[in-house]
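Contents: one structure, followed by commentary.
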Amino acid sequence: MGYIDADYAIDLGDRRSTTGYVFTLAMGPICWKSMVQYLVVLSTTKSEYMTVAEAVKKALWLSCLFKELRIQQDGV
């Protein structure tokens with residue numbers, strides 16, 4: 001299972017957004033990331049889009065890893 005969120009322009013100094021995601025397996029976190037976005041975006045939609053793009057890349061990587069390790073997955 002994966003959860004994502006973005007906080008649009010929370011840093012008042014440089015107006016950058018914060019990105020975060022966490023993936024869980026068996027109700028425990030297995031992969032997470034929280035960072036300030038490297039670009040300044042002009043809308044909440046673009047901020048969320050950047051967050052989704054980062055999380056999807058990680059979800060695909062985890063999916064390939066699970067297949068290689070032969071781990072049963074339900075939500076990734």
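Residue numbers start at 1 in each chain; chains themselves are named A, B, ... in the order of the structure tokens; ligands are numbered from 1 in the order shown.
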
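Taking only C-alpha atoms, the non-local environment of region 43-47 of chain A within 10 Å (same-chain residues fewer than 6 positions away omitted) comprises Asp5, Ala6, Asp7, Tyr8, Ala9, Arg16, Ser17, Thr18, Thr19 and Gln37 of chain A.
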
Save out the residues we just selected, N, CA and C atoms, as an mmCIF file, in the first residue's frame.
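In the end it all went to again14.cif:
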```
data_model
loop_
_atom_site.group_PDB
_atom_site.id
_atom_site.type_symbol
_atom_site.label_atom_id
_atom_site.label_comp_id
_atom_site.auth_asym_id
_atom_site.auth_seq_id
_atom_site.Cartn_x
_atom_site.Cartn_y
_atom_site.Cartn_z
ATOM 1 N N ASP A 5 1.699 12.610 -0.390
ATOM 2 C CA ASP A 5 1.172 13.931 -0.083
ATOM 3 C C ASP A 5 2.185 14.976 -0.525
ATOM 4 N N ALA A 6 1.675 16.163 -0.838
ATOM 5 C CA ALA A 6 2.531 17.300 -1.173
ATOM 6 C C ALA A 6 1.975 18.526 -0.470
ATOM 7 N N ASP A 7 2.854 19.373 -0.014
ATOM 8 C CA ASP A 7 2.467 20.607 0.658
ATOM 9 C C ASP A 7 2.950 21.769 -0.198
ATOM 10 N N TYR A 8 2.013 22.445 -0.863
ATOM 11 C CA TYR A 8 2.335 23.480 -1.839
ATOM 12 C C TYR A 8 2.958 24.710 -1.188
ATOM 13 N N ALA A 9 4.164 25.060 -1.625
ATOM 14 C CA ALA A 9 4.871 26.300 -1.270
ATOM 15 C C ALA A 9 4.883 26.584 0.235
ATOM 16 N N ARG A 16 9.180 26.761 -2.194
ATOM 17 C CA ARG A 16 9.219 25.390 -2.698
ATOM 18 C C ARG A 16 8.251 24.512 -1.912
ATOM 19 N N SER A 17 7.767 23.496 -2.582
ATOM 20 C CA SER A 17 6.818 22.567 -1.982
ATOM 21 C C SER A 17 7.551 21.385 -1.362
ATOM 22 N N THR A 18 6.876 20.708 -0.449
ATOM 23 C CA THR A 18 7.411 19.512 0.187
ATOM 24 C C THR A 18 6.698 18.291 -0.365
ATOM 25 N N THR A 19 7.453 17.260 -0.675
ATOM 26 C CA THR A 19 6.946 16.015 -1.239
ATOM 27 C C THR A 19 7.169 14.897 -0.237
ATOM 28 N N GLN A 37 10.882 19.906 -2.921
ATOM 29 C CA GLN A 37 10.967 19.773 -4.370
ATOM 30 C C GLN A 37 12.051 20.694 -4.918
#
```

Exercise for the section: Please return as an MDAnalysis selection string: the residues of chain A that backbone DSSP assigns to strand (DSSP E). Expected result: chainID A and resid 2:7 18:25 28:36

Requested write-out: N, CA, C and O atoms of the selected residues, as an mmCIF file, in the first residue's frame:
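The new file part36.cif reads:
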```
data_model
loop_
_atom_site.group_PDB
_atom_site.id
_atom_site.type_symbol
_atom_site.label_atom_id
_atom_site.label_comp_id
_atom_site.auth_asym_id
_atom_site.auth_seq_id
_atom_site.Cartn_x
_atom_site.Cartn_y
_atom_site.Cartn_z
ATOM 1 N N GLY A 2 0.534 2.254 -0.721
ATOM 2 C CA GLY A 2 1.323 3.474 -0.778
ATOM 3 C C GLY A 2 0.491 4.699 -0.449
ATOM 4 O O GLY A 2 -0.696 4.754 -0.758
ATOM 5 N N TYR A 3 1.110 5.660 0.191
ATOM 6 C CA TYR A 3 0.462 6.922 0.552
ATOM 7 C C TYR A 3 1.362 8.063 0.107
ATOM 8 O O TYR A 3 2.571 8.001 0.282
ATOM 9 N N ILE A 4 0.760 9.103 -0.461
ATOM 10 C CA ILE A 4 1.545 10.250 -0.910
ATOM 11 C C ILE A 4 0.894 11.548 -0.458
ATOM 12 O O ILE A 4 -0.298 11.586 -0.172
ATOM 13 N N ASP A 5 1.699 12.610 -0.390
ATOM 14 C CA ASP A 5 1.172 13.931 -0.083
ATOM 15 C C ASP A 5 2.185 14.976 -0.525
ATOM 16 O O ASP A 5 3.379 14.712 -0.613
ATOM 17 N N ALA A 6 1.675 16.163 -0.838
ATOM 18 C CA ALA A 6 2.531 17.300 -1.173
ATOM 19 C C ALA A 6 1.975 18.526 -0.470
ATOM 20 O O ALA A 6 0.768 18.680 -0.324
ATOM 21 N N ASP A 7 2.854 19.373 -0.014
ATOM 22 C CA ASP A 7 2.467 20.607 0.658
ATOM 23 C C ASP A 7 2.950 21.769 -0.198
ATOM 24 O O ASP A 7 4.142 22.028 -0.292
ATOM 25 N N THR A 18 6.876 20.708 -0.449
ATOM 26 C CA THR A 18 7.411 19.512 0.187
ATOM 27 C C THR A 18 6.698 18.291 -0.365
ATOM 28 O O THR A 18 5.476 18.294 -0.517
ATOM 29 N N THR A 19 7.453 17.260 -0.675
ATOM 30 C CA THR A 19 6.946 16.015 -1.239
ATOM 31 C C THR A 19 7.169 14.897 -0.237
ATOM 32 O O THR A 19 8.200 14.869 0.428
ATOM 33 N N GLY A 20 6.218 13.981 -0.159
ATOM 34 C CA GLY A 20 6.416 12.835 0.710
ATOM 35 C C GLY A 20 5.605 11.638 0.286
ATOM 36 O O GLY A 20 4.516 11.785 -0.269
ATOM 37 N N TYR A 21 6.168 10.457 0.502
ATOM 38 C CA TYR A 21 5.433 9.220 0.278
ATOM 39 C C TYR A 21 5.941 8.147 1.221
ATOM 40 O O TYR A 21 7.046 8.238 1.747
ATOM 41 N N VAL A 22 5.092 7.139 1.442
ATOM 42 C CA VAL A 22 5.473 5.975 2.246
ATOM 43 C C VAL A 22 4.766 4.760 1.649
ATOM 44 O O VAL A 22 3.614 4.839 1.227
ATOM 45 N N PHE A 23 5.493 3.649 1.553
ATOM 46 C CA PHE A 23 4.926 2.381 1.113
ATOM 47 C C PHE A 23 5.020 1.403 2.273
ATOM 48 O O PHE A 23 6.021 1.381 2.997
ATOM 49 N N THR A 24 3.962 0.604 2.437
ATOM 50 C CA THR A 24 3.900 -0.341 3.546
ATOM 51 C C THR A 24 3.713 -1.758 3.023
ATOM 52 O O THR A 24 3.181 -1.981 1.936
ATOM 53 N N LEU A 25 4.158 -2.702 3.814
ATOM 54 C CA LEU A 25 3.950 -4.121 3.549
ATOM 55 C C LEU A 25 3.657 -4.771 4.891
ATOM 56 O O LEU A 25 4.411 -4.566 5.853
ATOM 57 N N GLY A 28 3.562 -2.409 7.895
ATOM 58 C CA GLY A 28 4.800 -1.784 8.350
ATOM 59 C C GLY A 28 5.442 -1.018 7.210
ATOM 60 O O GLY A 28 5.387 -1.448 6.065
ATOM 61 N N PRO A 29 6.043 0.118 7.502
ATOM 62 C CA PRO A 29 6.679 0.891 6.428
ATOM 63 C C PRO A 29 7.924 0.174 5.903
ATOM 64 O O PRO A 29 8.732 -0.335 6.673
ATOM 65 N N ILE A 30 8.057 0.131 4.573
ATOM 66 C CA ILE A 30 9.228 -0.490 3.964
ATOM 67 C C ILE A 30 10.035 0.513 3.146
ATOM 68 O O ILE A 30 11.204 0.277 2.859
ATOM 69 N N CYS A 31 9.419 1.626 2.764
ATOM 70 C CA CYS A 31 10.101 2.615 1.943
ATOM 71 C C CYS A 31 9.391 3.959 2.130
ATOM 72 O O CYS A 31 8.173 4.024 2.070
ATOM 73 N N TRP A 32 10.162 5.017 2.365
ATOM 74 C CA TRP A 32 9.560 6.337 2.530
ATOM 75 C C TRP A 32 10.529 7.412 2.074
ATOM 76 O O TRP A 32 11.725 7.188 1.988
ATOM 77 N N LYS A 33 9.976 8.594 1.793
ATOM 78 C CA LYS A 33 10.812 9.721 1.388
ATOM 79 C C LYS A 33 10.053 11.009 1.673
ATOM 80 O O LYS A 33 8.859 11.107 1.436
ATOM 81 N N SER A 34 10.768 11.995 2.163
ATOM 82 C CA SER A 34 10.234 13.335 2.364
ATOM 83 C C SER A 34 11.324 14.310 1.959
ATOM 84 O O SER A 34 12.452 14.193 2.429
ATOM 85 N N MET A 35 10.995 15.234 1.064
ATOM 86 C CA MET A 35 12.002 16.170 0.584
ATOM 87 C C MET A 35 11.365 17.448 0.064
ATOM 88 O O MET A 35 10.174 17.487 -0.218
ATOM 89 N N VAL A 36 12.168 18.482 -0.025
ATOM 90 C CA VAL A 36 11.727 19.728 -0.641
ATOM 91 C C VAL A 36 11.900 19.560 -2.149
ATOM 92 O O VAL A 36 12.946 19.090 -2.613
#
```

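Using only C-alpha atoms, the protein and nucleic acid residues lying no more than 10 Å from Leu62 (chain A), apart from those fewer than 4 places from it along its own chain, are A:Phe23, A:Ile30, A:Cys31, A:Val56, A:Lys57, A:Lys58, A:Phe66, A:Lys67, A:Glu68, A:Gln73, A:Val76.
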
Would you output that residue set with N, CA and C atoms, as a PDB file, in the first residue's frame?
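Below you can see selection.pdb, which holds the result:
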```
ATOM      1  N   PHE A  23       5.493   3.649   1.553  1.00  0.00           N
ATOM      2  CA  PHE A  23       4.926   2.381   1.113  1.00  0.00           C
ATOM      3  C   PHE A  23       5.020   1.403   2.273  1.00  0.00           C
ATOM      4  N   ILE A  30       8.057   0.131   4.573  1.00  0.00           N
ATOM      5  CA  ILE A  30       9.228  -0.490   3.964  1.00  0.00           C
ATOM      6  C   ILE A  30      10.035   0.513   3.146  1.00  0.00           C
ATOM      7  N   CYS A  31       9.419   1.626   2.764  1.00  0.00           N
ATOM      8  CA  CYS A  31      10.101   2.615   1.943  1.00  0.00           C
ATOM      9  C   CYS A  31       9.391   3.959   2.130  1.00  0.00           C
ATOM     10  N   VAL A  56       5.219   6.918  -8.177  1.00  0.00           N
ATOM     11  CA  VAL A  56       4.989   5.870  -9.172  1.00  0.00           C
ATOM     12  C   VAL A  56       6.311   5.216  -9.572  1.00  0.00           C
ATOM     13  N   LYS A  57       7.357   6.009  -9.722  1.00  0.00           N
ATOM     14  CA  LYS A  57       8.667   5.428 -10.036  1.00  0.00           C
ATOM     15  C   LYS A  57       9.091   4.451  -8.945  1.00  0.00           C
ATOM     16  N   LYS A  58       8.892   4.831  -7.703  1.00  0.00           N
ATOM     17  CA  LYS A  58       9.263   3.950  -6.590  1.00  0.00           C
ATOM     18  C   LYS A  58       8.347   2.725  -6.534  1.00  0.00           C
ATOM     19  N   PHE A  66       9.617  -7.102  -5.734  1.00  0.00           N
ATOM     20  CA  PHE A  66       8.753  -8.146  -5.175  1.00  0.00           C
ATOM     21  C   PHE A  66       8.668  -9.344  -6.112  1.00  0.00           C
ATOM     22  N   LYS A  67       8.585  -9.095  -7.409  1.00  0.00           N
ATOM     23  CA  LYS A  67       8.537 -10.199  -8.372  1.00  0.00           C
ATOM     24  C   LYS A  67       9.827 -11.000  -8.326  1.00  0.00           C
ATOM     25  N   GLU A  68      10.965 -10.304  -8.255  1.00  0.00           N
ATOM     26  CA  GLU A  68      12.253 -10.975  -8.211  1.00  0.00           C
ATOM     27  C   GLU A  68      12.408 -11.812  -6.938  1.00  0.00           C
ATOM     28  N   GLN A  73       2.133  -9.685  -3.420  1.00  0.00           N
ATOM     29  CA  GLN A  73       1.750  -8.299  -3.193  1.00  0.00           C
ATOM     30  C   GLN A  73       0.282  -8.108  -3.534  1.00  0.00           C
ATOM     31  N   VAL A  76       0.529  -3.032  -4.566  1.00  0.00           N
ATOM     32  CA  VAL A  76       1.560  -2.296  -5.309  1.00  0.00           C
ATOM     33  C   VAL A  76       1.491  -2.656  -6.761  1.00  0.00           C
TER      34      VAL A  76
END
```

DSSP on the backbone, alpha helix (DSSP H) only: what residues of region 37-66 of chain A does that give? Format it as a short mmCIF file (atom, residue, chain, number, x, y, z; two decimals) with all heavy atoms, in the first residue's frame.
```
data_model
loop_
_atom_site.label_atom_id
_atom_site.label_comp_id
_atom_site.auth_asym_id
_atom_site.auth_seq_id
_atom_site.Cartn_x
_atom_site.Cartn_y
_atom_site.Cartn_z
N THR A 44 -0.92 24.06 -6.93
CA THR A 44 -0.97 22.85 -6.10
C THR A 44 -1.04 21.61 -6.98
O THR A 44 -0.49 20.57 -6.63
CB THR A 44 -2.19 22.88 -5.15
OG1 THR A 44 -3.37 23.03 -5.92
CG2 THR A 44 -2.08 24.00 -4.16
N THR A 45 -1.70 21.72 -8.12
CA THR A 45 -1.83 20.58 -9.03
C THR A 45 -0.46 20.12 -9.51
O THR A 45 -0.16 18.92 -9.53
CB THR A 45 -2.72 20.94 -10.24
OG1 THR A 45 -3.99 21.36 -9.76
CG2 THR A 45 -2.89 19.76 -11.17
N LYS A 46 0.39 21.04 -9.90
CA LYS A 46 1.72 20.68 -10.36
C LYS A 46 2.56 20.08 -9.23
O LYS A 46 3.33 19.15 -9.44
CB LYS A 46 2.42 21.89 -10.97
CG LYS A 46 1.83 22.30 -12.29
CD LYS A 46 2.55 23.49 -12.87
CE LYS A 46 1.88 23.92 -14.17
NZ LYS A 46 2.54 25.10 -14.74
N SER A 47 2.39 20.60 -8.04
CA SER A 47 3.09 20.06 -6.89
C SER A 47 2.68 18.61 -6.64
O SER A 47 3.52 17.74 -6.42
CB SER A 47 2.81 20.92 -5.67
OG SER A 47 3.44 20.40 -4.55
N GLU A 48 1.39 18.34 -6.68
CA GLU A 48 0.88 16.98 -6.48
C GLU A 48 1.33 16.07 -7.62
O GLU A 48 1.68 14.92 -7.40
CB GLU A 48 -0.66 16.99 -6.40
CG GLU A 48 -1.22 17.70 -5.19
CD GLU A 48 -1.11 16.88 -3.91
OE1 GLU A 48 -0.83 15.66 -3.97
OE2 GLU A 48 -1.31 17.46 -2.83
N TYR A 49 1.33 16.58 -8.86
CA TYR A 49 1.75 15.80 -10.01
C TYR A 49 3.21 15.34 -9.85
O TYR A 49 3.55 14.20 -10.11
CB TYR A 49 1.59 16.61 -11.29
CG TYR A 49 2.11 15.91 -12.52
CD1 TYR A 49 1.39 14.87 -13.11
CD2 TYR A 49 3.33 16.26 -13.08
CE1 TYR A 49 1.87 14.21 -14.21
CE2 TYR A 49 3.82 15.61 -14.19
CZ TYR A 49 3.09 14.59 -14.75
OH TYR A 49 3.58 13.94 -15.85
N MET A 50 4.07 16.24 -9.40
CA MET A 50 5.47 15.88 -9.19
C MET A 50 5.60 14.80 -8.11
O MET A 50 6.41 13.88 -8.23
CB MET A 50 6.28 17.11 -8.81
CG MET A 50 6.50 18.07 -9.96
SD MET A 50 7.41 19.54 -9.51
CE MET A 50 9.02 18.85 -9.12
N THR A 51 4.78 14.89 -7.08
CA THR A 51 4.80 13.90 -6.01
C THR A 51 4.34 12.54 -6.52
O THR A 51 4.96 11.51 -6.23
CB THR A 51 3.91 14.35 -4.84
OG1 THR A 51 4.38 15.62 -4.39
CG2 THR A 51 3.94 13.36 -3.70
N VAL A 52 3.26 12.53 -7.29
CA VAL A 52 2.75 11.28 -7.85
C VAL A 52 3.80 10.64 -8.76
O VAL A 52 4.02 9.43 -8.72
CB VAL A 52 1.43 11.51 -8.61
CG1 VAL A 52 1.03 10.29 -9.41
CG2 VAL A 52 0.32 11.88 -7.64
N ALA A 53 4.46 11.44 -9.59
CA ALA A 53 5.48 10.91 -10.50
C ALA A 53 6.61 10.23 -9.73
O ALA A 53 7.06 9.13 -10.09
CB ALA A 53 6.02 12.03 -11.38
N GLU A 54 7.07 10.85 -8.65
CA GLU A 54 8.14 10.25 -7.83
C GLU A 54 7.66 8.95 -7.18
O GLU A 54 8.39 7.96 -7.15
CB GLU A 54 8.59 11.23 -6.74
CG GLU A 54 9.44 12.35 -7.24
CD GLU A 54 10.80 11.88 -7.72
OE1 GLU A 54 11.42 11.02 -7.07
OE2 GLU A 54 11.23 12.39 -8.77
N ALA A 55 6.44 8.95 -6.67
CA ALA A 55 5.91 7.77 -5.99
C ALA A 55 5.67 6.62 -6.97
O ALA A 55 5.92 5.46 -6.63
CB ALA A 55 4.62 8.12 -5.25
N VAL A 56 5.22 6.92 -8.18
CA VAL A 56 4.99 5.87 -9.17
C VAL A 56 6.31 5.22 -9.57
O VAL A 56 6.38 4.00 -9.72
CB VAL A 56 4.24 6.43 -10.41
CG1 VAL A 56 4.28 5.45 -11.57
CG2 VAL A 56 2.80 6.74 -10.04
N LYS A 57 7.36 6.01 -9.72
CA LYS A 57 8.67 5.43 -10.04
C LYS A 57 9.09 4.45 -8.94
O LYS A 57 9.58 3.36 -9.23
CB LYS A 57 9.72 6.53 -10.19
CG LYS A 57 9.57 7.33 -11.47
CD LYS A 57 10.77 8.21 -11.73
CE LYS A 57 10.89 9.33 -10.72
NZ LYS A 57 11.98 10.28 -11.04
N LYS A 58 8.89 4.83 -7.70
CA LYS A 58 9.26 3.95 -6.59
C LYS A 58 8.35 2.73 -6.53
O LYS A 58 8.81 1.62 -6.27
CB LYS A 58 9.21 4.70 -5.26
CG LYS A 58 9.72 3.91 -4.08
CD LYS A 58 11.14 3.38 -4.26
CE LYS A 58 12.12 4.50 -4.11
NZ LYS A 58 13.51 4.05 -4.08
N ALA A 59 7.06 2.89 -6.81
CA ALA A 59 6.12 1.76 -6.80
C ALA A 59 6.49 0.74 -7.88
O ALA A 59 6.42 -0.47 -7.64
CB ALA A 59 4.70 2.26 -7.01
N LEU A 60 6.88 1.20 -9.05
CA LEU A 60 7.30 0.28 -10.11
C LEU A 60 8.57 -0.46 -9.71
O LEU A 60 8.69 -1.67 -9.95
CB LEU A 60 7.51 1.05 -11.41
CG LEU A 60 6.24 1.58 -12.07
CD1 LEU A 60 6.59 2.47 -13.26
CD2 LEU A 60 5.34 0.44 -12.49
N TRP A 61 9.51 0.23 -9.09
CA TRP A 61 10.73 -0.40 -8.63
C TRP A 61 10.43 -1.47 -7.58
O TRP A 61 10.96 -2.58 -7.63
CB TRP A 61 11.69 0.65 -8.08
CG TRP A 61 13.00 0.09 -7.66
CD1 TRP A 61 14.09 -0.13 -8.45
CD2 TRP A 61 13.36 -0.35 -6.34
NE1 TRP A 61 15.10 -0.68 -7.69
CE2 TRP A 61 14.68 -0.82 -6.41
CE3 TRP A 61 12.69 -0.38 -5.12
CZ2 TRP A 61 15.35 -1.32 -5.30
CZ3 TRP A 61 13.35 -0.88 -4.02
CH2 TRP A 61 14.66 -1.34 -4.10
N LEU A 62 9.55 -1.13 -6.63
CA LEU A 62 9.18 -2.10 -5.59
C LEU A 62 8.47 -3.30 -6.19
O LEU A 62 8.69 -4.44 -5.77
CB LEU A 62 8.29 -1.42 -4.54
CG LEU A 62 8.99 -0.48 -3.58
CD1 LEU A 62 7.94 0.29 -2.76
CD2 LEU A 62 9.94 -1.22 -2.67
N SER A 63 7.62 -3.06 -7.18
CA SER A 63 6.90 -4.15 -7.83
C SER A 63 7.87 -5.12 -8.49
O SER A 63 7.73 -6.34 -8.36
CB SER A 63 5.94 -3.58 -8.87
OG SER A 63 5.23 -4.60 -9.52
N CYS A 64 8.88 -4.60 -9.18
CA CYS A 64 9.90 -5.46 -9.80
C CYS A 64 10.70 -6.22 -8.74
O CYS A 64 11.00 -7.41 -8.91
CB CYS A 64 10.83 -4.63 -10.67
SG CYS A 64 10.05 -4.01 -12.17
N LEU A 65 11.01 -5.55 -7.64
CA LEU A 65 11.73 -6.20 -6.55
C LEU A 65 10.92 -7.34 -5.96
O LEU A 65 11.43 -8.43 -5.72
CB LEU A 65 12.08 -5.18 -5.45
CG LEU A 65 12.78 -5.73 -4.22
CD1 LEU A 65 14.17 -6.26 -4.58
CD2 LEU A 65 12.87 -4.67 -3.14
N PHE A 66 9.62 -7.10 -5.73
CA PHE A 66 8.75 -8.15 -5.18
C PHE A 66 8.67 -9.34 -6.11
O PHE A 66 8.67 -10.49 -5.67
CB PHE A 66 7.35 -7.60 -4.89
CG PHE A 66 7.29 -6.62 -3.75
CD1 PHE A 66 6.19 -5.80 -3.60
CD2 PHE A 66 8.32 -6.50 -2.84
CE1 PHE A 66 6.11 -4.89 -2.56
CE2 PHE A 66 8.26 -5.60 -1.79
CZ PHE A 66 7.15 -4.80 -1.66
#
```
